[in-house]
Structure formats: C-alpha cells, structure tokens
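Undergrad: Dropping in upload.tsv, which is TSV, C-alpha atoms:
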```tsv
chain	number	residue	atom	x	y	z
A	1	MET	CA	4.88	-23.34	6.83
A	2	ASP	CA	5.44	-20.75	9.59
A	3	ASP	CA	2.70	-18.63	11.13
A	4	ASN	CA	3.57	-15.61	8.99
A	5	ARG	CA	3.08	-17.57	5.81
A	6	LYS	CA	-0.16	-19.03	7.08
A	7	GLY	CA	-0.80	-15.39	7.78
A	8	ASN	CA	-4.08	-16.02	9.50
A	9	ARG	CA	-5.05	-18.85	11.82
A	10	PHE	CA	-8.46	-18.91	10.19
A	11	PHE	CA	-7.09	-20.03	6.79
A	12	ASP	CA	-9.25	-23.06	5.89
A	13	SER	CA	-10.32	-23.26	9.52
A	14	PRO	CA	-13.79	-24.51	10.52
A	15	SER	CA	-13.64	-22.07	13.46
A	16	TYR	CA	-16.18	-19.30	12.82
A	17	SER	CA	-16.48	-20.42	9.18
A	18	ASP	CA	-19.69	-19.11	7.64
A	19	VAL	CA	-19.13	-19.96	3.97
A	20	THR	CA	-17.81	-23.06	2.19
A	21	LEU	CA	-15.97	-23.10	-1.13
A	22	TYR	CA	-15.58	-26.19	-3.31
A	23	LEU	CA	-12.44	-25.84	-5.40
A	24	GLY	CA	-12.14	-27.24	-8.91
A	25	PRO	CA	-13.82	-30.27	-10.48
A	26	LYS	CA	-12.88	-32.48	-7.51
A	27	LYS	CA	-14.78	-30.13	-5.20
A	28	VAL	CA	-12.02	-29.77	-2.61
A	29	LYS	CA	-13.63	-28.24	0.48
A	30	PHE	CA	-12.37	-24.93	1.87
A	31	HIS	CA	-13.71	-23.33	5.06
A	32	GLY	CA	-14.11	-19.61	4.46
A	33	HIS	CA	-15.10	-16.49	6.38
A	34	TYR	CA	-17.18	-13.71	4.82
A	35	VAL	CA	-15.58	-10.98	6.91
A	36	ILE	CA	-12.10	-11.90	5.61
A	37	PHE	CA	-13.30	-12.27	2.02
A	38	SER	CA	-14.95	-8.86	2.21
A	39	ALA	CA	-11.65	-7.17	2.99
A	40	ARG	CA	-10.23	-8.20	-0.41
A	41	THR	CA	-13.14	-8.69	-2.82
A	42	SER	CA	-16.78	-7.71	-3.21
A	43	TYR	CA	-17.57	-10.89	-5.18
A	44	PHE	CA	-18.94	-12.91	-2.27
A	45	ASP	CA	-20.80	-9.97	-0.73
A	46	LYS	CA	-22.57	-9.33	-4.02
A	47	ALA	CA	-23.63	-12.98	-4.19
A	48	LYS	CA	-24.91	-12.83	-0.63
A	49	THR	CA	-26.86	-9.58	-0.98
A	50	GLY	CA	-27.90	-10.04	-4.60
A	51	GLY	CA	-30.20	-12.99	-4.05
A	52	PHE	CA	-27.96	-15.56	-5.74
A	53	GLU	CA	-28.34	-19.18	-4.68
A	54	GLU	CA	-24.75	-19.35	-3.44
A	55	GLY	CA	-25.36	-16.41	-1.14
A	56	GLN	CA	-28.39	-18.13	0.34
A	57	THR	CA	-26.75	-21.54	0.85
A	58	ASN	CA	-23.33	-20.07	1.76
A	59	GLU	CA	-21.76	-22.62	-0.59
A	60	PHE	CA	-19.78	-21.68	-3.68
A	61	HIS	CA	-18.93	-24.36	-6.26
A	62	LEU	CA	-15.94	-23.03	-8.20
A	63	ALA	CA	-15.63	-26.00	-10.54
A	64	LYS	CA	-14.63	-24.12	-13.68
A	65	HIS	CA	-11.55	-22.52	-12.13
A	66	LYS	CA	-8.09	-24.05	-11.69
A	67	PRO	CA	-7.91	-25.41	-8.11
A	68	ASN	CA	-4.22	-24.60	-7.64
A	69	ALA	CA	-4.82	-21.03	-8.75
A	70	LEU	CA	-7.86	-20.79	-6.48
A	71	TYR	CA	-5.72	-21.95	-3.56
A	72	ARG	CA	-3.19	-19.14	-4.25
A	73	MET	CA	-6.00	-16.62	-4.52
A	74	LEU	CA	-7.27	-17.73	-1.12
A	75	GLN	CA	-3.75	-17.49	0.27
A	76	TYR	CA	-3.67	-13.88	-0.85
A	77	ILE	CA	-7.09	-13.12	0.60
A	78	TYR	CA	-5.99	-14.41	4.01
A	79	THR	CA	-2.31	-13.39	4.03
A	80	GLY	CA	-1.76	-10.61	1.50
A	81	ASP	CA	0.50	-12.80	-0.66
A	82	TYR	CA	0.68	-16.24	-2.27
A	83	TYR	CA	3.45	-18.80	-2.38
A	84	MET	CA	4.67	-21.52	-4.72
A	85	GLU	CA	5.12	-24.20	-2.07
A	86	THR	CA	3.14	-27.44	-2.29
A	87	ASN	CA	-0.60	-27.07	-1.97
A	88	PRO	CA	-1.64	-29.27	0.98
A	89	LEU	CA	-5.31	-29.32	-0.01
A	90	LEU	CA	-4.83	-30.86	-3.45
A	91	ASP	CA	-3.28	-34.02	-4.80
A	92	GLY	CA	-1.22	-34.23	-7.97
A	93	LEU	CA	1.32	-32.00	-9.67
A	94	ASP	CA	1.28	-28.26	-9.18
A	95	ASP	CA	1.47	-25.76	-12.03
A	96	PRO	CA	4.86	-24.18	-12.88
A	97	GLU	CA	5.53	-20.64	-11.72
A	98	LEU	CA	4.96	-18.48	-14.81
A	99	LEU	CA	1.76	-20.33	-15.65
A	100	MET	CA	0.60	-20.03	-12.05
A	101	HIS	CA	1.12	-16.27	-12.05
A	102	THR	CA	-0.97	-15.86	-15.20
A	103	GLN	CA	-3.71	-18.17	-13.92
A	104	VAL	CA	-3.94	-16.34	-10.61
A	105	TYR	CA	-3.97	-13.02	-12.48
A	106	ILE	CA	-7.00	-14.14	-14.50
A	107	LEU	CA	-8.74	-15.20	-11.28
A	108	ALA	CA	-7.88	-11.88	-9.66
A	109	ASP	CA	-9.63	-10.11	-12.52
A	110	TYR	CA	-12.66	-12.41	-12.31
A	111	PHE	CA	-13.04	-11.92	-8.56
A	112	ASP	CA	-12.04	-8.23	-8.77
A	113	ILE	CA	-9.05	-8.40	-6.41
A	114	ARG	CA	-6.89	-5.54	-7.65
A	115	GLY	CA	-4.08	-5.98	-5.17
A	116	LEU	CA	-3.69	-9.59	-6.25
A	117	LYS	CA	-3.37	-8.55	-9.90
A	118	THR	CA	-0.50	-6.26	-8.95
A	119	THR	CA	1.13	-9.07	-6.96
A	120	CYS	CA	0.90	-11.44	-9.94
A	121	LEU	CA	2.51	-8.89	-12.24
A	122	ARG	CA	5.34	-8.32	-9.77
A	123	LYS	CA	6.01	-12.03	-9.38
A	124	PHE	CA	5.96	-12.57	-13.14
A	125	VAL	CA	8.52	-9.79	-13.68
A	126	ARG	CA	10.68	-11.35	-10.96
A	127	ASP	CA	10.57	-14.90	-12.34
A	128	ALA	CA	10.50	-14.40	-16.13
A	129	PRO	CA	14.25	-13.67	-16.55
A	130	ARG	CA	15.19	-17.13	-15.23
A	131	LEU	CA	12.21	-19.09	-16.57
A	132	TRP	CA	11.57	-17.71	-20.07
A	133	LYS	CA	13.17	-20.77	-21.69
A	134	SER	CA	10.73	-23.11	-19.97
A	135	ASP	CA	7.52	-24.42	-21.52
A	136	SER	CA	5.75	-22.53	-18.76
A	137	LEU	CA	6.13	-19.30	-20.76
A	138	ILE	CA	4.49	-20.86	-23.81
A	139	ASP	CA	1.71	-22.31	-21.65
A	140	SER	CA	1.23	-18.87	-20.09
A	141	ILE	CA	0.83	-17.25	-23.50
A	142	GLY	CA	-1.77	-19.80	-24.55
A	143	ASN	CA	-3.58	-19.31	-21.26
A	144	LEU	CA	-3.71	-15.51	-21.51
A	145	TYR	CA	-4.72	-15.41	-25.17
A	146	SER	CA	-7.58	-17.78	-24.42
A	147	THR	CA	-9.14	-15.12	-22.18
A	148	PRO	CA	-10.68	-11.76	-23.13
A	149	LYS	CA	-8.17	-9.01	-23.83
A	150	SER	CA	-9.93	-6.68	-21.42
A	151	SER	CA	-9.21	-8.98	-18.48
A	152	SER	CA	-5.60	-9.85	-19.32
A	153	GLN	CA	-4.07	-6.81	-21.06
A	154	ARG	CA	-1.48	-5.82	-18.43
A	155	MET	CA	-0.15	-9.37	-18.12
A	156	ARG	CA	-0.16	-9.74	-21.91
A	157	ASN	CA	2.00	-6.63	-22.16
A	158	LEU	CA	4.56	-8.14	-19.78
A	159	ILE	CA	4.63	-11.42	-21.67
A	160	LEU	CA	5.08	-9.62	-24.98
A	161	GLU	CA	8.10	-7.79	-23.55
A	162	VAL	CA	9.68	-11.14	-22.67
A	163	VAL	CA	8.79	-12.61	-26.06
A	164	MET	CA	10.31	-9.70	-27.98
A	165	GLU	CA	13.49	-9.84	-25.92
A	166	HIS	CA	13.98	-13.52	-26.82
A	167	ILE	CA	12.04	-13.81	-30.09
A	168	GLU	CA	14.83	-15.50	-32.07
A	169	GLU	CA	15.41	-18.22	-29.48
A	170	LEU	CA	11.70	-18.76	-28.91
A	171	HIS	CA	10.94	-19.04	-32.62
A	172	LYS	CA	13.24	-22.05	-32.81
A	173	LYS	CA	10.77	-23.95	-30.63
A	174	GLU	CA	8.05	-25.85	-32.45
A	175	ARG	CA	5.57	-25.23	-29.62
A	176	PHE	CA	6.08	-21.49	-29.95
A	177	ARG	CA	5.55	-21.59	-33.71
A	178	ASN	CA	2.41	-23.65	-33.16
A	179	LEU	CA	1.22	-21.03	-30.71
A	180	LEU	CA	1.52	-18.34	-33.38
A	181	ASN	CA	-0.67	-20.46	-35.66
A	182	GLU	CA	-3.22	-21.26	-32.96
A	183	HIS	CA	-3.67	-17.74	-31.55
A	184	ALA	CA	-4.10	-15.18	-34.31
A	185	GLU	CA	-4.35	-12.34	-31.79
A	186	PHE	CA	-0.98	-13.25	-30.30
A	187	ALA	CA	0.58	-13.52	-33.76
A	188	ALA	CA	-0.82	-10.08	-34.64
A	189	ASP	CA	0.64	-8.57	-31.46
A	190	VAL	CA	4.07	-10.06	-32.21
A	191	VAL	CA	4.03	-8.82	-35.82
A	192	GLU	CA	3.00	-5.33	-34.71
A	193	LEU	CA	5.88	-5.14	-32.23
A	194	LEU	CA	8.35	-6.49	-34.79
A	195	LEU	CA	7.27	-3.79	-37.26
A	196	LYS	CA	7.62	-1.09	-34.60
A	197	ASN	CA	11.11	-2.31	-33.75
A	198	PHE	CA	12.03	-2.40	-37.45
A	199	ALA	CA	10.75	1.16	-37.95
A	200	ARG	CA	13.00	2.43	-35.16
A	201	LYS	CA	16.13	1.11	-36.87
```
Please re-express this file's structure in structure tokens.

TA:
Amino acid sequence: MDDNRKGNRFFDSPSYSDVTLYLGPKKVKFHGHYVIFSARTSYFDKAKTGGFEEGQTNEFHLAKHKPNALYRMLQYIYTGDYYMETNPLLDGLDDPELLMHTQVYILADYFDIRGLKTTCLRKFVRDAPRLWKSDSLIDSIGNLYSTPKSSSQRMRNLILEVVMEHIEELHKKERFRNLLNEHAEFAADVVELLLKNFARK
C-alpha cells in the first residue's frame, strides 16, 4: 500500500498513541490517537469526557462489531476513505464488497461519522451494477433489515432500487425468497414498491 493509501503515518502506530482499540471478538489491537479520532467523530470524546470507563482507561473493546468493517472505518478516520484490499490486521476471509459497504454504513451511523455514511452510499452505487447477482446483495439486505430503520434508511433505499430493477431475476433465487419470508419489513417494502409501479402503468 502506498503512502497516500496509508494516508497517515500514524495509522495503527504506537507513536504518540493515547488510546487502544480492541477489534472484534478476537480483540485485535489497534493503536489510536484521540486527536485524529476527534476530527471525524465525537464518539470517543464523549466517552472520555462523560465519565465512561473506556474514557478513563483509554481502552475500547469493540467486540460486538465486525472487525473487517471496523478496520475500514478506521481507514476512513485516518485517510478520508476506505479500501477493499486485504486487511493486514486480521486473519481469515474478508467480507465481499456490497456487504462490506452496508456493514461500514451501519458502523458509521453508530459512531456518528456522517462523511463515512456518504462514502459508503457512493461506493455501493458504484459497485451494485456489477455485483447485484452475487450473494453479497442478499447478505446486505439481511444485514440492513436486521438493524433499526432509523439508522439504515438511506442505504435501504439504494438496495430497494437495485432489487426493483432486477426483481424477476432475484426472485428466482431461493435465498432471496427465503429473505422475503424472514424479514417481513423487507417484504412489505418490496410489495409497496411493486404496487406503486403497477399503479403507474
């Protein structure tokens, strides 16, 4: 990775690190810097000034979040973008692109990083035309509809546009039909859009 993609020589650098993050259930260690975090999100500042234990110990255990998505979020915090190249901090398979964009979007909402949400939407729009046939789209739908509507609405709208454009082909897939049965809210959104399209004809 070149210096521009690293973006900042302090990315995961012990130099001047004053906060440590532990990513995912395996607690992968990441050396962070409050001053850089503060430029993108108020989450860590609030923990530090609000009397939370993490703010006192300067250690954040982010076990419930997807480690690969956390890594991309940190890339954005340090560089202003995130990339789909192999994650050097983690072992194992990475998540496919469409799923990654939705997972990072959910994190961006949780950590209140508005610029990152916009970046995720842009990348999804870019990649969906060539990847909509992949299982990654179906996984993305399940992922988004497992989170509150208030935190995922803009990404849901984009996914629904893709679904409606390819509804006949997608409905041939058993996994897609199962998704309609498993997520009533998604099924309701699809039916509503189908009825609107029918009414226009």

Undergrad: Any idea what the distance is between CA of Tyr145 (chain A) and CA of Arg130 (chain A)?

TA: 22.3 Å

Undergrad: So, counting only C-alpha atoms, which residue among A:Asp139, A:Glu165, A:Asp127, A:Glu85 is closest to Val190 (chain A)?

TA: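 Nearest candidate to Val190 (chain A) out of A:Asp139, A:Glu165, A:Asp127, A:Glu85: A:Glu165.
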
Undergrad: So, counting only C-alpha atoms, which residue among A:Tyr34, A:Phe124, A:Tyr16, A:Phe176 is closest to Leu158 (chain A)?

TA: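 The shortest atom-to-atom distance to Leu158 (chain A) comes from A:Phe124.
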
Undergrad: One number please: CA of Phe111 (chain A) to CA of Leu21 (chain A), in Å, one decimal.

TA: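 Computed distance, CA of Phe111 (chain A) to CA of Leu21 (chain A), equals 13.7 Å.
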
Undergrad: Which of these residues is nearest to Leu194 (chain A), using all atoms listed in the file: A:Ile36, A:Arg72, A:Ile167, A:Arg175?

TA: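 Closest residue, counting all atoms listed in the file: A:Ile167.
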
Undergrad: From (-12.3, -27.6, -9.7), in the file's coordinates, out to 7 Å: which residues are reached, counting all atoms listed in the file? Answer as a JSON list (two decimals) with C-alpha atoms, in the frame of the given file.

TA:
```json
[["chain", "number", "residue", "atom", "x", "y", "z"],
["A", 23, "LEU", "CA", -12.44, -25.84, -5.40],
["A", 24, "GLY", "CA", -12.14, -27.24, -8.91],
["A", 25, "PRO", "CA", -13.82, -30.27, -10.48],
["A", 26, "LYS", "CA", -12.88, -32.48, -7.51],
["A", 27, "LYS", "CA", -14.78, -30.13, -5.20],
["A", 62, "LEU", "CA", -15.94, -23.03, -8.20],
["A", 63, "ALA", "CA", -15.63, -26.00, -10.54],
["A", 64, "LYS", "CA", -14.63, -24.12, -13.68],
["A", 65, "HIS", "CA", -11.55, -22.52, -12.13],
["A", 66, "LYS", "CA", -8.09, -24.05, -11.69],
["A", 67, "PRO", "CA", -7.91, -25.41, -8.11]]
```

Undergrad: Leaving out Glu185 (chain A) and any residue of its chain fewer than 5 positions from it, which residues lie within 12 Å of it when counting all atoms listed in the file, given as a PyMOL selection string?

TA: chain A and resi 141-142+144-149+156+160+179-180+190-192

Undergrad: Tell me which of A:Val125, A:Leu195, A:Leu131, A:Ala108 sits closest to Tyr43 (chain A), counting only C-alpha atoms.

TA: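 Of A:Val125, A:Leu195, A:Leu131, A:Ala108, the one nearest Tyr43 (chain A), counting only C-alpha atoms, is A:Ala108.
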
Undergrad: Out of A:Thr41, A:Thr20, A:Thr49, A:Ser136, which residue has the shortest atom-to-atom distance to His61 (chain A) when counting all atoms listed in the file?

TA: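 When distances to His61 (chain A) are compared using all atoms listed in the file, the smallest one comes from A:Thr20.
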
Undergrad: Which protein, DNA or RNA residues have an atom at most 9 Å from (4.4, -25.7, -9.9), counting only C-alpha atoms? List them as a list in words.

TA: Asn68, Met84, Glu85, Thr86, Leu93, Asp94, Asp95, Pro96, Glu97, Leu98, Leu99 and Met100 of chain A

Undergrad: Would you mind telling me which residue in A:Cys120, A:Ile138, A:Ala188, A:Asn143 lies nearest to Glu174 (chain A) when using only C-alpha atoms?

TA: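 Closest candidate: A:Ile138.
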
Undergrad: Rounded to one decimal, what separation in Å do you get between CA of Leu193 (chain A) and CA of Asp135 (chain A)?

TA: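 That distance, rounded to one decimal, is 22.1 Å.
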
Undergrad: Leaving out Leu107 (chain A) and any residue of its chain fewer than 2 positions from it, which residues lie within 9 Å of it when counting all atoms listed in the file, given as a list in words?

TA: His65, Lys66, Ala69, Leu70, Met73, Thr102, Gln103, Val104, Tyr105, Asp109, Tyr110, Phe111, Asp112, Ile113 and Lys117 of chain A

Undergrad: Give me the residues near Asp12 (chain A) as a list in words, where near means some atom within 12 Å (using only C-alpha atoms) and where sequence neighbours in that chain fewer than 5 positions away do not count.

TA: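 These residues fall inside the cut-off: Lys6, Gly7, Ser17, Asp18, Val19, Thr20, Leu21, Tyr22, Val28, Lys29, Phe30, His31, Gly32, His33, Ile36, Tyr71, Leu74, Gln75, Ile77, Tyr78, Pro88 and Leu89 of chain A.
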